[in-house]
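Q: Enclosed is the structure file upload.pdb (PDB, C-alpha atoms and all ligand atoms).
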```
MODEL        1
ATOM      1  CA  MET A   1      22.088  28.347  13.388
ATOM      2  CA  VAL A   2      23.528  25.770  15.861
ATOM      3  CA  ILE A   3      22.604  22.226  14.785
ATOM      4  CA  ASP A   4      24.188  19.857  17.298
ATOM      5  CA  ASP A   5      25.552  19.504  20.807
ATOM      6  CA  LYS A   6      29.094  20.184  19.574
ATOM      7  CA  GLY A   7      27.976  23.702  18.696
ATOM      8  CA  GLN A   8      28.383  23.235  14.926
ATOM      9  CA  THR A   9      26.654  25.958  12.955
ATOM     10  CA  VAL A  10      24.969  25.739   9.581
ATOM     11  CA  GLN A  11      24.673  28.525   7.077
ATOM     12  CA  ILE A  12      22.507  28.392   3.965
ATOM     13  CA  ARG A  13      23.744  30.535   1.083
ATOM     14  CA  GLN A  14      23.525  30.857  -2.677
ATOM     15  CA  ALA A  15      26.040  28.652  -4.530
ATOM     16  CA  SER A  16      28.791  30.197  -6.618
ATOM     17  CA  PRO A  17      30.659  28.665  -9.585
ATOM     18  CA  ALA A  18      33.540  27.889  -7.204
ATOM     19  CA  ASP A  19      31.219  25.550  -5.233
ATOM     20  CA  LEU A  20      30.368  23.343  -8.221
ATOM     21  CA  PRO A  21      33.216  20.786  -7.896
ATOM     22  CA  ARG A  22      32.263  20.168  -4.243
ATOM     23  CA  VAL A  23      28.544  20.041  -5.108
ATOM     24  CA  MET A  24      29.316  17.458  -7.820
ATOM     25  CA  MET A  25      31.314  15.420  -5.311
ATOM     26  CA  ILE A  26      28.408  15.441  -2.834
ATOM     27  CA  ASN A  27      26.020  14.490  -5.638
ATOM     28  CA  ARG A  28      28.201  11.496  -6.576
ATOM     29  CA  ILE A  29      28.562  10.318  -2.982
ATOM     30  CA  CYS A  30      24.853  10.600  -2.220
ATOM     31  CA  LEU A  31      22.877   9.807  -5.370
ATOM     32  CA  PRO A  32      22.925   7.515  -8.399
ATOM     33  CA  GLU A  33      21.570  10.372 -10.533
ATOM     34  CA  ASN A  34      24.723  12.259 -11.542
ATOM     35  CA  TYR A  35      25.020  15.107 -14.008
ATOM     36  CA  THR A  36      27.718  16.774 -16.069
ATOM     37  CA  TYR A  37      29.498  19.931 -14.967
ATOM     38  CA  SER A  38      27.745  21.855 -17.737
ATOM     39  CA  PHE A  39      24.342  20.763 -16.448
ATOM     40  CA  PHE A  40      25.095  21.995 -12.902
ATOM     41  CA  ASP A  41      26.577  25.170 -14.363
ATOM     42  CA  SER A  42      23.555  25.842 -16.589
ATOM     43  CA  ILE A  43      21.178  25.471 -13.627
ATOM     44  CA  LEU A  44      23.353  27.820 -11.580
ATOM     45  CA  GLN A  45      23.378  30.393 -14.397
ATOM     46  CA  SER A  46      19.635  30.160 -15.045
ATOM     47  CA  TYR A  47      18.273  29.823 -11.495
ATOM     48  CA  PRO A  48      21.008  31.106  -9.166
ATOM     49  CA  LYS A  49      18.676  32.126  -6.361
ATOM     50  CA  THR A  50      17.480  28.582  -5.697
ATOM     51  CA  PHE A  51      20.847  26.865  -6.130
ATOM     52  CA  LEU A  52      21.714  26.768  -2.441
ATOM     53  CA  VAL A  53      24.482  25.183  -0.402
ATOM     54  CA  ALA A  54      24.662  24.403   3.311
ATOM     55  CA  GLU A  55      27.936  25.112   5.069
ATOM     56  CA  VAL A  56      28.775  23.554   8.413
ATOM     57  CA  ASN A  57      31.698  25.285  10.070
ATOM     58  CA  GLY A  58      32.731  26.587   6.664
ATOM     59  CA  ASP A  59      32.522  23.288   4.694
ATOM     60  CA  VAL A  60      29.827  22.718   2.096
ATOM     61  CA  VAL A  61      27.951  19.575   3.212
ATOM     62  CA  GLY A  62      24.753  19.751   1.176
ATOM     63  CA  TYR A  63      23.010  21.431  -1.729
ATOM     64  CA  VAL A  64      19.674  21.883  -3.440
ATOM     65  CA  MET A  65      19.114  22.934  -7.029
ATOM     66  CA  CYS A  66      15.864  23.831  -8.739
ATOM     67  CA  ARG A  67      14.456  25.179 -11.967
ATOM     68  CA  VAL A  68      11.251  26.908 -13.034
ATOM     69  CA  GLU A  69       8.897  25.325 -15.559
ATOM     70  CA  HIS A  70       5.540  26.205 -17.075
ATOM     71  CA  GLY A  71       3.016  23.433 -17.165
ATOM     72  CA  LEU A  72      -0.167  21.837 -15.974
ATOM     73  CA  SER A  73      -0.687  21.922 -12.239
ATOM     74  CA  LYS A  74       0.473  18.637 -10.702
ATOM     75  CA  LEU A  75      -2.210  19.036  -8.054
ATOM     76  CA  ASP A  76      -5.406  19.772  -9.982
ATOM     77  CA  ARG A  77      -4.299  18.984 -13.585
ATOM     78  CA  LEU A  78      -6.672  21.735 -14.754
ATOM     79  CA  SER A  79      -4.681  24.938 -14.883
ATOM     80  CA  MET A  80      -1.348  26.094 -16.253
ATOM     81  CA  LYS A  81       1.058  27.102 -13.519
ATOM     82  CA  ARG A  82       4.515  28.408 -12.942
ATOM     83  CA  LEU A  83       6.057  25.359 -11.301
ATOM     84  CA  GLY A  84       9.177  25.087  -9.190
ATOM     85  CA  HIS A  85      10.987  21.799  -9.869
ATOM     86  CA  ILE A  86      13.387  20.456  -7.237
ATOM     87  CA  ILE A  87      15.992  18.778  -9.421
ATOM     88  CA  SER A  88      18.372  17.472  -6.782
ATOM     89  CA  ILE A  89      19.021  17.688  -3.050
ATOM     90  CA  ALA A  90      21.613  15.879  -0.967
ATOM     91  CA  VAL A  91      23.409  16.097   2.375
ATOM     92  CA  LEU A  92      26.655  14.249   3.183
ATOM     93  CA  PRO A  93      26.054  11.167   5.390
ATOM     94  CA  ASP A  94      27.904  12.571   8.430
ATOM     95  CA  TYR A  95      25.619  15.612   8.532
ATOM     96  CA  ARG A  96      22.207  13.970   8.198
ATOM     97  CA  ARG A  97      19.305  14.126  10.679
ATOM     98  CA  MET A  98      20.429  17.548  11.860
ATOM     99  CA  GLY A  99      17.839  19.504   9.882
ATOM    100  CA  VAL A 100      20.185  20.547   7.062
ATOM    101  CA  ALA A 101      17.931  19.343   4.212
ATOM    102  CA  THR A 102      14.931  20.924   5.912
ATOM    103  CA  MET A 103      16.749  24.253   5.987
ATOM    104  CA  LEU A 104      17.883  23.974   2.351
ATOM    105  CA  LEU A 105      14.455  22.996   1.077
ATOM    106  CA  SER A 106      12.511  25.495   3.197
ATOM    107  CA  LYS A 107      14.690  28.333   1.902
ATOM    108  CA  ALA A 108      14.404  27.118  -1.709
ATOM    109  CA  LEU A 109      10.585  26.947  -1.442
ATOM    110  CA  GLU A 110      10.458  30.471  -0.037
ATOM    111  CA  ILE A 111      12.549  31.829  -2.927
ATOM    112  CA  LEU A 112      10.607  29.866  -5.574
ATOM    113  CA  ARG A 113       7.443  31.486  -4.245
ATOM    114  CA  ASP A 114       8.644  35.008  -3.493
ATOM    115  CA  GLU A 115      11.251  35.646  -6.180
ATOM    116  CA  TYR A 116      10.525  33.216  -9.023
ATOM    117  CA  LYS A 117       6.743  33.642  -8.493
ATOM    118  CA  CYS A 118       5.940  29.913  -8.578
ATOM    119  CA  SER A 119       2.587  28.872  -7.173
ATOM    120  CA  GLU A 120       3.401  25.164  -6.958
ATOM    121  CA  VAL A 121       6.494  22.991  -6.517
ATOM    122  CA  PHE A 122       7.116  19.377  -7.464
ATOM    123  CA  LEU A 123       9.835  16.727  -7.516
ATOM    124  CA  GLU A 124      10.462  13.087  -8.351
ATOM    125  CA  VAL A 125      11.704  10.612  -5.764
ATOM    126  CA  ARG A 126      12.478   6.879  -5.917
ATOM    127  CA  VAL A 127       9.622   4.892  -4.397
ATOM    128  CA  SER A 128      12.209   3.149  -2.165
ATOM    129  CA  ASN A 129      13.747   6.382  -0.828
ATOM    130  CA  TYR A 130      12.010   6.432   2.525
ATOM    131  CA  PRO A 131      14.192   9.157   4.146
ATOM    132  CA  ALA A 132      13.552  11.603   1.306
ATOM    133  CA  ILE A 133       9.827  10.778   1.087
ATOM    134  CA  SER A 134       9.558  11.409   4.853
ATOM    135  CA  LEU A 135      11.366  14.725   4.484
ATOM    136  CA  TYR A 136       9.011  15.842   1.698
ATOM    137  CA  HIS A 137       5.895  14.767   3.620
ATOM    138  CA  LYS A 138       7.134  16.717   6.600
ATOM    139  CA  LEU A 139       7.443  19.805   4.393
ATOM    140  CA  GLY A 140       3.891  19.468   3.095
ATOM    141  CA  PHE A 141       4.378  17.579  -0.190
ATOM    142  CA  GLU A 142       1.875  14.933  -1.222
ATOM    143  CA  ILE A 143       2.239  12.069  -3.674
ATOM    144  CA  VAL A 144       0.335  13.003  -6.827
ATOM    145  CA  LYS A 145       1.466  10.354  -9.305
ATOM    146  CA  ILE A 146       3.645   7.292  -9.852
ATOM    147  CA  SER A 147       5.920   7.541 -12.896
ATOM    148  CA  LYS A 148       6.556   3.947 -13.942
ATOM    149  CA  GLY A 149      10.179   3.120 -14.781
ATOM    150  CA  TYR A 150      11.252   6.743 -14.374
ATOM    151  CA  TYR A 151      14.812   5.925 -13.339
ATOM    152  CA  ILE A 152      17.492   4.459 -15.586
ATOM    153  CA  ASP A 153      17.538   1.205 -13.573
ATOM    154  CA  GLY A 154      13.771   0.858 -14.015
ATOM    155  CA  GLU A 155      12.668   1.951 -10.542
ATOM    156  CA  ASP A 156       9.416   3.915 -10.330
ATOM    157  CA  ALA A 157       9.245   7.490  -9.086
ATOM    158  CA  TYR A 158       6.666   9.193  -6.963
ATOM    159  CA  VAL A 159       5.882  12.664  -8.203
ATOM    160  CA  MET A 160       5.284  14.762  -5.096
ATOM    161  CA  ALA A 161       3.928  18.315  -5.105
ATOM    162  CA  ARG A 162       2.626  21.079  -2.882
ATOM    163  CA  LYS A 163       1.227  24.559  -3.219
ATOM    164  CA  LEU A 164       3.474  27.490  -2.434
TER     165      LEU A 164
HETATM  166  C1  LIG A 201      17.095  12.829   2.081
HETATM  167  C2  LIG A 201      18.194  13.699   2.701
HETATM  168  C3  LIG A 201      18.477  14.881   1.782
HETATM  169  C4  LIG A 201      17.704  14.205   4.069
HETATM  170  O1  LIG A 201      18.700  15.082   4.595
HETATM  171  P1  LIG A 201      18.788  15.426   6.160
HETATM  172  O2  LIG A 201      19.586  16.678   6.296
HETATM  173  O3  LIG A 201      19.235  14.246   6.907
HETATM  174  O4  LIG A 201      17.255  15.729   6.494
HETATM  175  P2  LIG A 201      16.687  16.461   7.807
HETATM  176  O5  LIG A 201      17.646  16.284   8.952
HETATM  177  O6  LIG A 201      16.301  17.846   7.461
HETATM  178  O7  LIG A 201      15.396  15.566   8.102
HETATM  179  C5  LIG A 201      14.090  16.107   8.088
HETATM  180  C6  LIG A 201      13.082  14.991   8.261
HETATM  181  O8  LIG A 201      13.166  14.087   7.142
HETATM  182  C7  LIG A 201      12.891  12.757   7.597
HETATM  183  N1  LIG A 201      14.081  11.922   7.478
HETATM  184  C8  LIG A 201      15.314  12.305   7.103
HETATM  185  N2  LIG A 201      16.153  11.247   7.074
HETATM  186  C9  LIG A 201      15.428  10.173   7.452
HETATM  187  C10 LIG A 201      15.723   8.793   7.629
HETATM  188  N3  LIG A 201      16.974   8.301   7.410
HETATM  189  N4  LIG A 201      14.731   7.966   7.993
HETATM  190  C11 LIG A 201      13.488   8.431   8.220
HETATM  191  N5  LIG A 201      13.127   9.750   8.081
HETATM  192  C12 LIG A 201      14.092  10.598   7.700
HETATM  193  C13 LIG A 201      12.511  12.892   9.058
HETATM  194  O9  LIG A 201      11.124  13.141   9.112
HETATM  195  C14 LIG A 201      13.301  14.115   9.457
HETATM  196  O10 LIG A 201      12.807  14.771  10.583
HETATM  197  P3  LIG A 201      13.316  14.289  12.049
HETATM  198  O11 LIG A 201      14.815  14.198  11.998
HETATM  199  O12 LIG A 201      12.820  15.373  12.943
HETATM  200  O13 LIG A 201      12.677  12.962  12.280
HETATM  201  C15 LIG A 201      19.493  12.873   2.939
HETATM  202  O14 LIG A 201      19.156  11.667   3.595
HETATM  203  C16 LIG A 201      20.246  12.540   1.669
HETATM  204  O15 LIG A 201      21.104  13.308   1.223
HETATM  205  N6  LIG A 201      19.948  11.363   1.082
HETATM  206  C17 LIG A 201      20.637  10.945  -0.155
HETATM  207  C18 LIG A 201      20.252  11.829  -1.315
HETATM  208  C19 LIG A 201      18.753  11.758  -1.585
HETATM  209  O16 LIG A 201      18.114  10.738  -1.433
HETATM  210  N7  LIG A 201      18.203  12.900  -2.031
HETATM  211  C20 LIG A 201      16.800  12.998  -2.368
HETATM  212  C21 LIG A 201      16.610  12.564  -3.773
HETATM  213  S1  LIG A 201      14.906  12.752  -4.286
ENDMDL
END
```
Go ahead and render the structure in this file as structure tokens.
A:
Amino acid sequence: MVIDDKGQTVQIRQASPADLPRVMMINRICLPENYTYSFFDSILQSYPKTFLVAEVNGDVVGYVMCRVEHGLSKLDRLSMKRLGHIISIAVLPDYRRMGVATMLLSKALEILRDEYKCSEVFLEVRVSNYPAISLYHKLGFEIVKISKGYYIDGEDAYVMARKL
């Protein structure tokens, strides 16, 4: 898909182990929440279909990774559900506002629903992270809870969720 007036194209595909060093680099550039190689690798091994990367003209510029959990619905708190959990998503600064995160997340939601059979999806986001909160609202997520002091520096998180 063409994403800008220079004719750059974006392709969303499943990550492979060879992508992990670049994914870790993007994670470190974009987010304060960083993980070990073995954490990324374990998510890739366990939930490969929703570990996606975005390539622009052949370079990986963004990723999303998810896992599947069983638990109480975040939306009605009454029923047990198979829940998709968006663990991390990021796009390199030079490639933002071109729809890359929207493409990554839309594809991940589709696979969580159709292949991992999740009926709901949720995530945590810093209450100050306006760009990400806007992205999630645009994709149909609603704020269902505030987790006080969720982050290591003490910032609160919104828990956001939507049906699939
Ligand atoms: C949040 C992030 C992933 C968005 O990536 P992106 O590829 O720029 O997002 P998109 O281009 O798909 O944007 C989709 C919508 O999100 C919202 N949005 C994205 N960036 C925004 C910004 N800086 N300010 C306001 N709204 C924003 C807009 O509604 C946008 O739609 P629009 O461009 O038509 O107005 C990116 O900014 C990022 O990597 N941030 C750092 C990492 C991070 O915060 N990850 C989320 C952790 S929970």
Q: Between A:Glu110, A:Cys30, A:Leu123, A:Phe51, which is the closest to Ile86 (chain A) once you count all atoms listed in the file?
A: A:Leu123
Q: So which residues touch Thr50 (chain A) within 12 Å, counting only C-alpha atoms, skipping near sequence neighbours fewer than 6 positions away, as a PyMOL selection string?
A: chain A and resi 12-16+43-44+63-68+84-89+104-116+118
Q: How would the residues just picked look written out with C-alpha atoms as a CSV table (one decimal), keeping the file's coordinate frame?
A:
```csv
chain,number,residue,atom,x,y,z
A,12,ILE,CA,22.5,28.4,4.0
A,13,ARG,CA,23.7,30.5,1.1
A,14,GLN,CA,23.5,30.9,-2.7
A,15,ALA,CA,26.0,28.7,-4.5
A,16,SER,CA,28.8,30.2,-6.6
A,43,ILE,CA,21.2,25.5,-13.6
A,44,LEU,CA,23.4,27.8,-11.6
A,63,TYR,CA,23.0,21.4,-1.7
A,64,VAL,CA,19.7,21.9,-3.4
A,65,MET,CA,19.1,22.9,-7.0
A,66,CYS,CA,15.9,23.8,-8.7
A,67,ARG,CA,14.5,25.2,-12.0
A,68,VAL,CA,11.3,26.9,-13.0
A,84,GLY,CA,9.2,25.1,-9.2
A,85,HIS,CA,11.0,21.8,-9.9
A,86,ILE,CA,13.4,20.5,-7.2
A,87,ILE,CA,16.0,18.8,-9.4
A,88,SER,CA,18.4,17.5,-6.8
A,89,ILE,CA,19.0,17.7,-3.0
A,104,LEU,CA,17.9,24.0,2.4
A,105,LEU,CA,14.5,23.0,1.1
A,106,SER,CA,12.5,25.5,3.2
A,107,LYS,CA,14.7,28.3,1.9
A,108,ALA,CA,14.4,27.1,-1.7
A,109,LEU,CA,10.6,26.9,-1.4
A,110,GLU,CA,10.5,30.5,0.0
A,111,ILE,CA,12.5,31.8,-2.9
A,112,LEU,CA,10.6,29.9,-5.6
A,113,ARG,CA,7.4,31.5,-4.2
A,114,ASP,CA,8.6,35.0,-3.5
A,115,GLU,CA,11.3,35.6,-6.2
A,116,TYR,CA,10.5,33.2,-9.0
A,118,CYS,CA,5.9,29.9,-8.6
```
Q: Env of Gln11 (chain A): 7 Å cut, atoms = all atoms listed in the file, seq-sep filter 2 positions within chain, self excluded. Answer as a list in words.
A: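 The contact residues come out as Met1, Thr9, Arg13, Ala54, Glu55 and Val56 of chain A.
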Q: Give me a file of those residues, with C-alpha atoms, as a CSV table (one decimal), keeping the file's coordinate frame.
A:
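Full text of part-v3.csv as output:
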```csv
chain,number,residue,atom,x,y,z
A,1,MET,CA,22.1,28.3,13.4
A,9,THR,CA,26.7,26.0,13.0
A,13,ARG,CA,23.7,30.5,1.1
A,54,ALA,CA,24.7,24.4,3.3
A,55,GLU,CA,27.9,25.1,5.1
A,56,VAL,CA,28.8,23.6,8.4
```
Q: For Arg96 (chain A), which of A:Thr36, A:Ile143, A:Glu155, A:Val61 is the closest residue, counting all atoms listed in the file?
A: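 Ranked by minimum distance to Arg96 (chain A), first place goes to A:Val61.
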Q: Could you list the protein, DNA and RNA residues that have any atom within 6 Å of ligand LIG 201 (chain A), counting only C-alpha atoms and all ligand atoms, and write them as an MDAnalysis selection string?
A: chainID A and resid 30:31 89:92 96:102 125 131:132 134:135 138
Q: Check the smallest atom-to-atom distance from each of A:Glu69, A:Arg28, A:Ser119, A:Tyr136 to Tyr47 (chain A) using all atoms listed in the file, then report the winner.
A: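 Closest to Tyr47 (chain A) of all the choices is A:Glu69.
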Q: Suppose you want the space between CA of Ile26 (chain A) and CA of Lys49 (chain A); what is it in Å?
A: 19.6 Å
Q: Decode the PyMOL selection byres (((chain A and resi 75) around 9) and not hetatm) for the given file into explicit residues and return them as a count of residues only.
A: 12
Q: Of the candidates A:Pro93, A:Gly149, A:Gly58, A:Pro48, which one gets nearest to Pro17 (chain A) if we count only C-alpha atoms?
A: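 Going through A:Pro93, A:Gly149, A:Gly58, A:Pro48 one by one, the smallest distance to Pro17 (chain A) is for A:Pro48.
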Q: Output the residue selection produced by the PyMOL selection byres (((chain A and resi 24) around 10) and not hetatm) on the file above, formatted as a list in words.
A: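 Taken over the shown coordinates, the PyMOL selection byres (((chain A and resi 24) around 10) and not hetatm) returns Asp19, Leu20, Pro21, Arg22, Val23, Met25, Ile26, Asn27, Arg28, Ile29, Cys30, Asn34, Tyr35, Thr36, Tyr37, Phe40 and Tyr63 of chain A.
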Q: Which distance in Å separates CA of Asp59 (chain A) and CA of Lys6 (chain A), to one decimal?
A: 15.6 Å
Q: Figure out the distance between CA of Asp41 (chain A) and CA of Arg82 (chain A), please, to one decimal in Å.
A: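 Atom-to-atom, CA of Arg82 (chain A) to CA of Asp41 (chain A), that is 22.3 Å.
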